[in-house]
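J.: Enclosed is the structure file coords-v6.txt (compact mmCIF, C-alpha atoms).
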```
# COMPACT_ATOMS: atom_id res chain seq x y z
CA MET A 1 -33.85 -3.90 2.61
CA LEU A 2 -35.43 -3.07 -0.73
CA ILE A 3 -33.79 -0.41 -2.85
CA THR A 4 -35.82 0.75 -5.84
CA PHE A 5 -34.69 2.56 -8.97
CA CYS A 6 -36.19 5.52 -10.78
CA SER A 7 -38.78 4.50 -13.32
CA CYS A 8 -39.54 8.07 -14.38
CA VAL A 9 -36.61 8.34 -16.80
CA PRO A 10 -37.48 7.70 -20.47
CA SER A 11 -36.17 4.46 -21.91
CA GLY A 12 -32.72 4.82 -23.46
CA CYS A 13 -31.75 7.88 -21.40
CA LEU A 14 -28.84 7.79 -19.00
CA LEU A 15 -29.90 7.95 -15.39
CA THR A 16 -28.20 10.70 -13.43
CA ARG A 17 -28.63 9.23 -9.98
CA CYS A 18 -31.05 6.41 -10.32
CA PRO A 19 -30.83 4.18 -7.24
CA LEU A 20 -33.18 5.70 -4.65
CA LEU A 21 -34.39 4.34 -1.37
CA SER A 22 -38.04 3.44 -1.04
CA CYS A 23 -37.85 3.72 2.74
CA SER A 24 -35.41 4.51 5.53
CA TRP A 25 -31.82 3.25 5.58
CA LEU A 26 -32.46 1.30 8.77
CA GLY A 27 -30.99 -2.18 8.38
CA VAL A 28 -29.42 -1.68 4.94
CA SER A 29 -25.91 -3.09 4.39
CA LYS A 30 -23.15 -2.68 1.84
CA ALA A 31 -24.11 -6.10 0.48
CA ASP A 32 -27.69 -4.85 -0.08
CA ILE A 33 -26.45 -1.87 -2.08
CA ARG A 34 -24.08 -4.00 -4.16
CA GLN A 35 -26.76 -6.55 -4.93
CA ASN A 36 -29.29 -3.93 -6.02
CA VAL A 37 -26.80 -2.12 -8.26
CA TRP A 38 -25.70 -5.41 -9.85
CA ASP A 39 -29.31 -6.54 -10.33
CA PHE A 40 -30.32 -3.19 -11.86
CA MET A 41 -27.42 -3.13 -14.31
CA GLU A 42 -28.10 -6.70 -15.40
CA ALA A 43 -31.84 -6.13 -15.79
CA ASN A 44 -31.29 -2.98 -17.85
CA ASN A 45 -28.35 -4.28 -19.93
CA LEU A 46 -26.05 -1.45 -18.78
CA ALA A 47 -22.81 -3.42 -18.92
CA ASP A 48 -20.56 -5.03 -21.49
CA PHE A 49 -18.42 -8.18 -21.16
CA PRO A 50 -17.75 -9.76 -18.72
CA ARG A 51 -21.27 -10.66 -17.67
CA PRO A 52 -23.03 -11.14 -15.37
CA VAL A 53 -21.77 -8.16 -13.40
CA HIS A 54 -22.40 -9.75 -10.02
CA HIS A 55 -19.29 -9.97 -7.82
CA ARG A 56 -17.39 -7.74 -10.26
CA ILE A 57 -16.58 -4.09 -10.78
CA PRO A 58 -19.14 -3.63 -13.59
CA ASN A 59 -17.76 -2.91 -17.04
CA PHE A 60 -20.46 -0.33 -17.70
CA LYS A 61 -21.41 0.65 -21.23
CA GLY A 62 -19.40 3.61 -22.51
CA SER A 63 -16.57 3.07 -20.04
CA PHE A 64 -13.82 2.80 -22.65
CA LYS A 65 -14.85 5.92 -24.55
CA MET A 66 -15.27 7.86 -21.33
CA GLY A 67 -11.88 6.67 -20.07
CA CYS A 68 -10.08 7.76 -23.22
CA SER A 69 -11.63 11.22 -22.97
CA ILE A 70 -10.01 11.77 -19.56
CA GLU A 71 -7.02 13.29 -21.36
CA ALA A 72 -8.91 16.58 -21.57
CA TRP A 73 -9.50 16.71 -17.79
CA GLY A 74 -7.20 19.15 -16.02
CA VAL A 75 -6.61 16.95 -12.97
CA PHE A 76 -5.46 14.09 -15.19
CA ASP A 77 -3.36 16.40 -17.36
CA LYS A 78 -1.34 17.62 -14.35
CA ALA A 79 -0.62 14.12 -13.02
CA ARG A 80 2.73 12.52 -13.81
CA GLU A 81 2.41 9.17 -12.03
CA VAL A 82 -0.99 7.49 -12.16
CA LYS A 83 -2.14 4.35 -10.34
CA VAL A 84 -5.11 2.70 -12.07
CA ASP A 85 -6.81 -0.48 -10.88
CA PRO A 86 -6.80 -3.48 -13.28
CA ASP A 87 -10.60 -3.54 -13.62
CA LYS A 88 -12.01 -3.81 -17.15
CA PRO A 89 -14.01 -0.51 -17.05
CA LEU A 90 -10.76 1.39 -16.34
CA GLU A 91 -9.02 0.13 -19.50
CA GLY A 92 -9.65 3.40 -21.35
CA ILE A 93 -8.06 5.39 -18.53
CA ARG A 94 -5.00 3.13 -18.56
CA LEU A 95 -4.71 3.69 -22.32
CA ALA A 96 -5.03 7.46 -21.90
CA ALA A 97 -2.20 7.40 -19.34
CA LEU A 98 0.06 5.46 -21.71
CA GLN A 99 -0.74 7.71 -24.66
CA ALA A 100 0.03 10.77 -22.54
CA ARG A 101 3.38 9.16 -21.60
CA LYS A 102 2.60 9.14 -17.91
CA THR A 103 4.06 6.60 -15.51
CA LEU A 104 1.31 3.99 -15.19
CA LEU A 105 1.18 1.75 -12.14
CA VAL A 106 -1.30 -1.11 -11.93
CA PRO A 107 -1.79 -3.12 -8.72
CA THR A 108 -0.94 -6.80 -8.80
CA PRO A 109 -4.23 -8.75 -8.87
CA ARG A 110 -5.13 -9.68 -5.28
CA LEU A 111 -1.61 -8.50 -4.29
CA ARG A 112 -0.31 -12.04 -4.88
CA THR A 113 3.21 -11.12 -5.97
CA GLY A 114 3.71 -7.53 -4.84
CA LEU A 115 1.98 -4.18 -4.77
CA PHE A 116 2.48 -2.58 -8.20
CA ASN A 117 3.46 -3.33 -11.75
CA ARG A 118 4.79 -0.48 -13.85
CA ILE A 119 3.61 -0.79 -17.44
CA VAL A 120 6.51 -0.49 -19.90
CA PRO A 121 5.38 -0.48 -23.55
CA PRO A 122 7.86 -1.72 -26.18
CA PRO A 123 10.05 0.98 -27.79
CA GLY A 124 8.19 2.77 -30.59
CA ALA A 125 4.87 1.20 -29.57
CA THR A 126 2.00 2.02 -31.91
CA LYS A 127 -1.43 3.11 -30.67
CA GLU A 128 -2.65 -0.44 -31.22
CA MET A 129 0.22 -1.79 -29.12
CA LEU A 130 -0.52 0.74 -26.37
CA ARG A 131 -4.11 -0.41 -26.38
CA LYS A 132 -2.92 -3.96 -25.85
CA CYS A 133 -0.66 -2.80 -22.99
CA ALA A 134 -3.73 -1.28 -21.31
CA THR A 135 -5.57 -4.63 -21.22
CA SER A 136 -5.26 -7.18 -18.44
CA GLN A 137 -3.12 -9.36 -20.71
CA GLY A 138 -0.92 -6.39 -21.57
CA VAL A 139 -0.46 -5.62 -17.90
CA ARG A 140 0.89 -9.16 -17.48
CA ASP A 141 3.11 -9.08 -20.58
CA TYR A 142 4.53 -5.54 -20.49
CA SER A 143 5.09 -4.80 -16.83
CA VAL A 144 7.95 -4.47 -14.38
CA PRO A 145 7.32 -5.19 -10.69
CA VAL A 146 7.71 -2.27 -8.29
CA GLY A 147 8.77 -3.10 -4.73
CA LEU A 148 8.07 -1.39 -1.41
CA ASP A 149 11.41 0.41 -1.51
CA ALA A 150 10.81 1.97 -4.92
CA LYS A 151 10.76 5.77 -5.10
CA VAL A 152 7.16 6.25 -6.20
CA GLN A 153 5.10 9.43 -5.93
CA VAL A 154 1.56 8.88 -7.20
CA ASP A 155 -0.35 12.04 -8.20
CA LEU A 156 -3.63 10.39 -9.20
CA VAL A 157 -5.29 7.19 -7.94
CA VAL A 158 -8.10 5.67 -10.03
CA VAL A 159 -10.20 2.94 -8.42
CA GLY A 160 -13.14 0.88 -9.59
CA SER A 161 -16.42 0.88 -7.66
CA VAL A 162 -19.71 -0.96 -7.49
CA ALA A 163 -21.43 2.04 -5.93
CA VAL A 164 -20.41 5.55 -4.86
CA SER A 165 -22.22 8.49 -3.34
CA GLU A 166 -21.96 12.14 -4.37
CA LYS A 167 -20.33 12.70 -0.98
CA GLY A 168 -17.41 10.51 -2.07
CA TRP A 169 -18.30 7.41 -0.07
CA ARG A 170 -17.44 4.32 -2.05
CA ILE A 171 -18.38 0.62 -2.03
CA GLY A 172 -16.24 -1.91 -3.90
CA LYS A 173 -17.03 -5.54 -4.59
CA GLY A 174 -16.36 -6.48 -0.99
CA GLU A 175 -12.79 -7.84 -1.00
CA GLY A 176 -11.09 -4.71 0.33
CA TYR A 177 -8.09 -4.67 -2.01
CA ALA A 178 -8.47 -1.04 -3.15
CA ASP A 179 -8.58 0.10 0.48
CA MET A 180 -5.55 -2.01 1.37
CA GLU A 181 -3.56 -0.87 -1.67
CA TYR A 182 -4.08 2.77 -0.73
CA ALA A 183 -3.11 2.09 2.89
CA MET A 184 0.06 0.37 1.72
CA MET A 185 0.87 3.30 -0.56
CA VAL A 186 0.58 5.58 2.47
CA SER A 187 2.96 3.34 4.42
CA MET A 188 5.57 3.39 1.63
CA GLY A 189 5.22 7.16 1.11
CA ALA A 190 3.78 6.82 -2.40
CA VAL A 191 0.78 9.09 -1.76
CA LYS A 192 0.36 12.36 0.09
CA GLU A 193 -2.56 14.38 1.39
CA ASP A 194 -2.97 16.13 -1.95
CA THR A 195 -3.03 12.91 -4.01
CA VAL A 196 -6.35 12.88 -5.86
CA VAL A 197 -8.53 9.75 -5.73
CA VAL A 198 -11.03 9.19 -8.56
CA THR A 199 -13.56 6.52 -9.45
CA ALA A 200 -15.26 5.93 -12.82
CA VAL A 201 -18.79 4.48 -12.85
CA HIS A 202 -22.07 4.45 -14.75
CA ASP A 203 -24.55 7.12 -13.68
CA CYS A 204 -26.77 4.46 -12.12
CA GLN A 205 -23.94 3.50 -9.75
CA VAL A 206 -24.08 6.92 -8.07
CA VAL A 207 -26.33 6.23 -5.08
CA ASP A 208 -27.05 7.37 -1.55
CA ILE A 209 -24.84 5.57 0.96
CA PRO A 210 -25.40 6.02 4.69
CA GLU A 211 -22.27 7.20 6.48
CA ALA A 212 -22.92 4.61 9.20
CA LEU A 213 -21.77 1.92 6.76
CA LEU A 214 -18.29 3.42 6.40
CA ALA A 215 -15.37 2.10 8.44
CA ASP A 216 -12.06 3.79 9.18
CA HIS A 217 -10.27 1.65 6.57
CA ASP A 218 -12.65 2.59 3.73
CA LEU A 219 -11.19 4.68 0.91
CA THR A 220 -13.18 7.74 -0.14
CA VAL A 221 -12.95 9.55 -3.49
CA ASP A 222 -12.47 13.18 -4.48
CA TYR A 223 -14.04 12.92 -7.95
CA ILE A 224 -16.58 10.69 -9.67
CA LEU A 225 -16.43 10.33 -13.46
CA THR A 226 -19.55 9.11 -15.30
CA PRO A 227 -20.46 9.11 -19.01
CA THR A 228 -22.52 12.29 -18.46
CA ARG A 229 -20.76 14.31 -15.77
CA THR A 230 -17.82 14.89 -13.47
CA ILE A 231 -18.69 15.17 -9.79
CA LYS A 232 -16.37 16.90 -7.32
CA THR A 233 -17.35 15.32 -4.01
CA GLY A 234 -15.72 17.75 -1.61
CA CYS A 235 -15.30 14.76 0.73
CA LYS A 236 -13.77 15.74 4.07
CA ARG A 237 -13.73 12.26 5.57
CA PRO A 238 -10.09 11.21 6.19
CA LYS A 239 -8.60 8.58 3.93
CA PRO A 240 -6.73 5.59 5.42
CA GLN A 241 -3.47 6.66 7.07
CA GLY A 242 -1.77 3.29 6.81
CA ILE A 243 -2.49 -0.38 7.42
CA LEU A 244 -4.84 -1.02 10.33
CA TRP A 245 -3.13 -4.16 11.54
CA HIS A 246 -5.84 -5.01 14.07
CA LYS A 247 -8.11 -5.64 11.06
CA ILE A 248 -5.62 -7.95 9.31
CA SER A 249 -5.96 -11.62 10.19
CA PRO A 250 -3.02 -14.07 10.19
CA GLU A 251 -4.79 -15.86 7.30
CA THR A 252 -4.80 -12.65 5.22
CA LEU A 253 -1.16 -12.00 6.09
CA ALA A 254 -0.20 -15.49 4.90
CA LYS A 255 -1.87 -14.90 1.51
CA ILE A 256 -0.19 -11.56 0.76
CA PRO A 257 3.65 -11.67 0.81
CA VAL A 258 4.06 -7.92 0.33
CA LEU A 259 1.88 -7.31 3.39
CA LYS A 260 4.10 -9.62 5.39
CA ASN A 261 7.16 -7.62 4.35
CA LEU A 262 5.44 -4.36 5.26
CA LEU A 263 4.68 -5.83 8.69
CA TYR A 264 8.36 -6.60 9.19
CA ARG A 265 9.35 -3.08 8.15
CA GLU A 266 6.95 -1.49 10.61
CA LYS A 267 8.20 -3.74 13.40
CA GLN A 268 11.76 -2.68 12.55
CA GLU A 269 10.64 0.94 12.94
CA GLY A 270 9.50 0.14 16.47
CA LYS A 271 5.76 0.21 15.81
CA GLU A 272 3.38 -1.96 17.81
CA VAL A 273 1.52 -4.43 15.62
CA THR A 274 -1.49 -6.42 16.79
CA LEU A 275 -3.21 -8.63 14.24
CA LYS A 276 -6.91 -9.40 14.18
CA GLU A 277 -7.86 -12.35 16.34
CA GLU A 278 -7.98 -15.70 14.64
CA LYS A 279 -11.35 -17.42 14.26
CA SER A 280 -11.85 -18.60 17.84
CA ARG A 281 -8.76 -17.27 19.57
CA SER A 282 -8.36 -14.19 21.68
CA PRO A 283 -6.46 -11.24 20.12
CA THR A 284 -2.82 -12.11 19.72
CA ARG A 285 0.07 -9.67 19.73
CA VAL A 286 2.37 -10.74 16.95
CA GLN A 287 6.09 -10.22 16.99
CA ALA A 288 6.97 -10.18 13.31
CA ALA A 289 9.85 -12.49 12.61
CA LYS A 290 12.50 -11.16 10.31
CA PRO A 291 12.07 -12.75 6.85
CA GLU A 292 14.78 -15.34 6.57
CA ARG A 293 17.25 -14.70 3.78
CA ALA A 294 18.38 -17.58 1.69
CA ARG A 295 22.05 -16.63 2.16
CA PRO A 296 23.10 -14.17 4.92
CA GLN A 297 25.68 -11.55 4.00
CA GLY A 298 28.49 -13.00 6.05
CA GLU A 299 28.24 -16.55 4.77
CA PRO A 300 29.96 -17.99 1.70
CA GLN A 301 28.02 -17.10 -1.41
CA GLN A 302 27.71 -20.61 -2.78
CA MET A 303 24.86 -21.88 -4.94
CA LEU A 304 23.59 -25.38 -4.21
CA GLU A 305 22.50 -27.02 -7.44
CA ARG A 306 20.92 -30.05 -5.77
CA SER A 307 20.36 -31.58 -2.36
CA SER A 308 20.59 -35.20 -1.37
CA PRO A 309 17.46 -37.34 -1.78
CA ASP A 310 17.16 -37.77 1.99
CA LYS A 311 17.26 -34.04 2.67
CA ALA A 312 14.90 -33.33 -0.20
CA ASP A 313 12.38 -35.80 1.22
CA GLN A 314 12.61 -34.21 4.65
CA LYS A 315 12.07 -30.68 3.34
CA ARG A 316 9.57 -31.38 0.55
CA SER A 317 6.54 -30.57 2.67
CA SER A 318 7.86 -27.13 3.74
CA CYS A 319 9.74 -26.01 0.63
CA ALA A 320 8.45 -23.11 -1.46
CA THR A 321 9.13 -22.53 -5.16
CA VAL A 322 9.52 -19.20 -6.93
CA TYR A 323 9.04 -18.79 -10.68
CA VAL A 324 11.42 -16.54 -12.65
CA GLY A 325 10.25 -15.79 -16.19
CA ASN A 326 11.01 -13.52 -19.14
CA ILE A 327 14.67 -14.63 -19.20
CA SER A 328 15.97 -13.41 -22.54
CA HIS A 329 17.95 -15.49 -25.02
CA GLY A 330 21.66 -15.52 -24.27
CA ILE A 331 21.38 -15.12 -20.50
CA ARG A 332 23.47 -17.71 -18.65
CA VAL A 333 22.58 -19.40 -15.40
CA SER A 334 25.73 -17.94 -13.85
CA GLU A 335 24.40 -14.42 -14.51
CA LEU A 336 21.16 -15.23 -12.73
CA LYS A 337 23.06 -16.75 -9.81
CA GLU A 338 25.17 -13.61 -9.48
CA ALA A 339 22.07 -11.41 -9.48
CA LEU A 340 20.50 -13.61 -6.79
CA ARG A 341 23.61 -13.36 -4.62
CA GLU A 342 23.73 -9.58 -4.98
CA ARG A 343 20.17 -9.35 -3.69
CA HIS A 344 20.73 -11.93 -0.96
CA ALA A 345 18.12 -14.21 -2.49
CA SER A 346 20.14 -17.34 -3.27
CA PRO A 347 17.85 -20.40 -3.18
CA MET A 348 18.40 -23.82 -1.67
CA ARG A 349 18.16 -25.23 -5.19
CA LEU A 350 17.84 -23.74 -8.69
CA THR A 351 16.23 -25.41 -11.69
CA TRP A 352 17.36 -23.73 -14.93
CA GLN A 353 15.19 -23.91 -18.08
CA GLY A 354 16.93 -21.35 -20.26
CA GLY A 355 15.47 -22.76 -23.46
CA ARG A 356 12.02 -21.97 -22.10
CA HIS A 357 13.19 -18.60 -20.79
CA GLN A 358 12.45 -19.50 -17.18
CA ALA A 359 13.92 -20.83 -13.96
CA PHE A 360 12.59 -22.12 -10.65
CA LEU A 361 14.06 -21.19 -7.28
CA ILE A 362 13.41 -23.56 -4.37
CA TYR A 363 13.60 -22.13 -0.85
CA ASN A 364 13.45 -24.03 2.42
CA ASN A 365 10.23 -22.36 3.61
CA GLN A 366 7.50 -19.96 2.51
CA CYS A 367 8.82 -17.05 4.56
CA THR A 368 12.19 -17.21 2.80
CA ALA A 369 10.50 -17.45 -0.59
CA ASP A 370 8.31 -14.43 0.17
CA ALA A 371 11.36 -12.40 1.21
CA ALA A 372 13.17 -13.43 -1.98
CA ILE A 373 10.20 -12.39 -4.16
CA GLU A 374 10.21 -8.97 -2.53
CA ALA A 375 14.01 -8.64 -2.90
CA LEU A 376 13.85 -9.54 -6.60
CA GLN A 377 11.11 -7.09 -7.58
CA GLY A 378 12.36 -4.88 -10.42
CA LEU A 379 15.29 -7.18 -11.27
CA SER A 380 16.55 -6.97 -14.87
CA LEU A 381 19.23 -8.94 -16.72
CA LYS A 382 20.83 -7.23 -19.70
CA GLY A 383 18.03 -4.70 -19.80
CA HIS A 384 15.23 -7.29 -19.77
CA PRO A 385 12.93 -7.13 -16.72
CA LEU A 386 12.33 -10.50 -15.11
CA ARG A 387 8.99 -11.74 -13.86
CA VAL A 388 9.23 -13.11 -10.33
CA GLU A 389 6.25 -14.67 -8.58
CA PRO A 390 5.23 -17.79 -6.62
CA ALA A 391 5.28 -20.88 -8.83
CA ARG A 392 1.81 -22.18 -9.67
CA ASN A 393 2.80 -25.76 -8.96
CA GLN A 394 4.49 -25.87 -5.57
CA SER A 395 5.18 -29.60 -5.77
```
Would you kindly transcribe this structure into structure tokens?

T.:
Amino acid sequence: MLITFCSCVPSGCLLTRCPLLSCSWLGVSKADIRQNVWDFMEANNLADFPRPVHHRIPNFKGSFKMGCSIEAWGVFDKAREVKVDPDKPLEGIRLAALQARKTLLVPTPRLRTGLFNRIVPPPGATKEMLRKCATSQGVRDYSVPVGLDAKVQVDLVVVGSVAVSEKGWRIGKGEGYADMEYAMMVSMGAVKEDTVVVTAVHDCQVVDIPEALLADHDLTVDYILTPTRTIKTGCKRPKPQGILWHKISPETLAKIPVLKNLLYREKQEGKEVTLKEEKSRSPTRVQAAKPERARPQGEPQQMLERSSPDKADQKRSSCATVYVGNISHGIRVSELKEALRERHASPMRLTWQGGRHQAFLIYNNQCTADAAIEALQGLSLKGHPLRVEPARNQS
């Protein structure tokens, strides 16, 4: 399906709604719309680094300036807790939230180690430091993980988009994380019906999208911010009301530990959960197994420093390693052990590297490691938040 763009706008002018169809929508797909928007932005040099924009949320020109100016918008001004996606074009909005001293939550990239990170700038942070905190590197360096049990009430959700219609129908880059993040926030009670959802795009990304392309898991938006205007969509289409488990495959569940923990919680609440059928299998009803804890409450709270070579060889193929970083100077291994015991996350083996401000926790299987990561979200020692995530090298 060919989608053409307005050629009647003078060169150098911002387009107010440039992608137009040259014929009917019959046969068009989300992939077609994405490809045409990406191609148009590349051909007309409408984006900054990173380039090319294909397979990305485009960092459109003027995004940072526009994002910083959001402080004057009444909807933003009223919000206390703001969730902003980690995409580059939303960096200015993240900075505006920090400068306005709002609680800023940023999703974990691809949900690898949890759902949110709360950005915590250093005490007395200058404007330059706040700007660094708003970058992707700053999100990694100045954040505290937020678990599913955290008391979070998000007033404003800001998502990136590849394309969006004036009716509030949105298309992302095709991976579905923004939709899943919102559904998970619903499940943990972090958003309500009056939570406002906003996207920020270039004017040329505002396009017609046929409603037939939308699915029940797709997130819609209430406002669209562009460099030239603010669009109130008046969208009445319902937003996701929770995770649609029949659309989640076992492969997806295995990649996202926080999703696995949410599955367990919903099973504990007595909800029926049916996962999407595996590649060639018939639909399978899954009974979520309770995440195994490294040390049950009733057992002796003893830390095993090492296991015998024979046992280590037997378990090597199934063991999972968790990285603990940002351990401040002066923290002793005994203090970490105590914190692990208190959260029922004692590992099979612990490797301490205090001089490098890190430690590695080895668990007997991936399920136990995933449960430990979730239990340790938000953990601090002597006021210093720890970074807990799967180790890059699982060997």

J.: Find the distance between atom CA of A:Leu148 and atom CA of A:Ser346 and write it in Å to one decimal.

T.: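 Atom-to-atom, atom CA of A:Leu148 and atom CA of A:Ser346 are spaced 20.1 Å apart.
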
J.: One decimal, Å: what's the distance from atom CA of A:Gly138 over to atom CA of A:Ile57, could you say?

T.: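 Answer for the atom CA of A:Gly138 to atom CA of A:Ile57 separation: 19.2 Å.
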
J.: List the spatial neighbours of A:Pro238 as an mmCIF file with C-alpha atoms, keeping the file's coordinate frame - criterion: any atom at most 9 Å away, only C-alpha atoms, same-chain residues fewer than 6 positions off excluded.

T.:
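This went into part31.cif:
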```cif
data_model
loop_
_atom_site.group_PDB
_atom_site.id
_atom_site.type_symbol
_atom_site.label_atom_id
_atom_site.label_comp_id
_atom_site.auth_asym_id
_atom_site.auth_seq_id
_atom_site.Cartn_x
_atom_site.Cartn_y
_atom_site.Cartn_z
ATOM 1 C CA ASP A 216 -12.060 3.790 9.180
ATOM 2 C CA LEU A 219 -11.190 4.680 0.910
ATOM 3 C CA THR A 220 -13.180 7.740 -0.140
#
```

J.: Tell me, in Å to one decimal, how far atom CA of A:Pro86 is from atom CA of A:Arg118.

T.: 12.0 Å

J.: Counting only C-alpha atoms, which residue out of A:Trp169, A:Val106, A:Thr274, A:Leu263 sits closest to A:Arg237?

T.: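 For A:Arg237, the nearest of the candidates is A:Trp169.
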
J.: Can you list, as a PyMOL selection string, every protein, DNA or RNA residue that comes within 12 Å of A:Asp194 when you count all atoms listed in the file, leaving out same-chain residues fewer than 5 positions away?

T.: chain A and resi 75+79+153-157+186+222+238-239

J.: Between A:His217, A:His246, A:Arg56, A:Lys83, which one has atoms that come closest to A:Lys173, using only C-alpha atoms?

T.: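 Comparing A:His217, A:His246, A:Arg56, A:Lys83 against A:Lys173, the winner is A:Arg56.
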
J.: With only C-alpha atoms as the atoms that count, which of A:Thr135, A:Thr321, A:Asn326, A:Ser165 lies nearest to A:His357?

T.: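 With only C-alpha atoms as the atom set, the closest residue is A:Asn326.
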
J.: Closest to A:Leu214 among A:Ile171, A:Met184, A:Ile243, A:Cys235, using all atoms listed in the file?

T.: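 Of all the options, A:Ile171 lies closest to A:Leu214.
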
J.: Pick from A:Leu381, A:Leu90, A:Val162, A:Leu340: nearest to A:Leu361, with only C-alpha atoms counted?

T.: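 Distance minimum relative to A:Leu361 lands on A:Leu340.
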
J.: Starting from the point (12.5, -18.9, -9.0), work out which residues of protein, DNA or RNA have an atom no more than 7 Å away when counting only C-alpha atoms; state them as a list in words.

T.: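 Counting only C-alpha atoms, I find these residues within 7 Å of (12.5, -18.9, -9.0): Thr321, Val322, Tyr323, Val324, Ala359, Phe360, Leu361, Ile362 and Val388 of chain A.
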
J.: Grab the residues selected above and save them as a PDB file, keeping the file's coordinate frame with C-alpha atoms.

T.:
```pdb
ATOM      1  CA  THR A 321       9.130 -22.530  -5.160  1.00  0.00           C
ATOM      2  CA  VAL A 322       9.520 -19.200  -6.930  1.00  0.00           C
ATOM      3  CA  TYR A 323       9.040 -18.790 -10.680  1.00  0.00           C
ATOM      4  CA  VAL A 324      11.420 -16.540 -12.650  1.00  0.00           C
ATOM      5  CA  ALA A 359      13.920 -20.830 -13.960  1.00  0.00           C
ATOM      6  CA  PHE A 360      12.590 -22.120 -10.650  1.00  0.00           C
ATOM      7  CA  LEU A 361      14.060 -21.190  -7.280  1.00  0.00           C
ATOM      8  CA  ILE A 362      13.410 -23.560  -4.370  1.00  0.00           C
ATOM      9  CA  VAL A 388       9.230 -13.110 -10.330  1.00  0.00           C
TER      10      VAL A 388
END
```
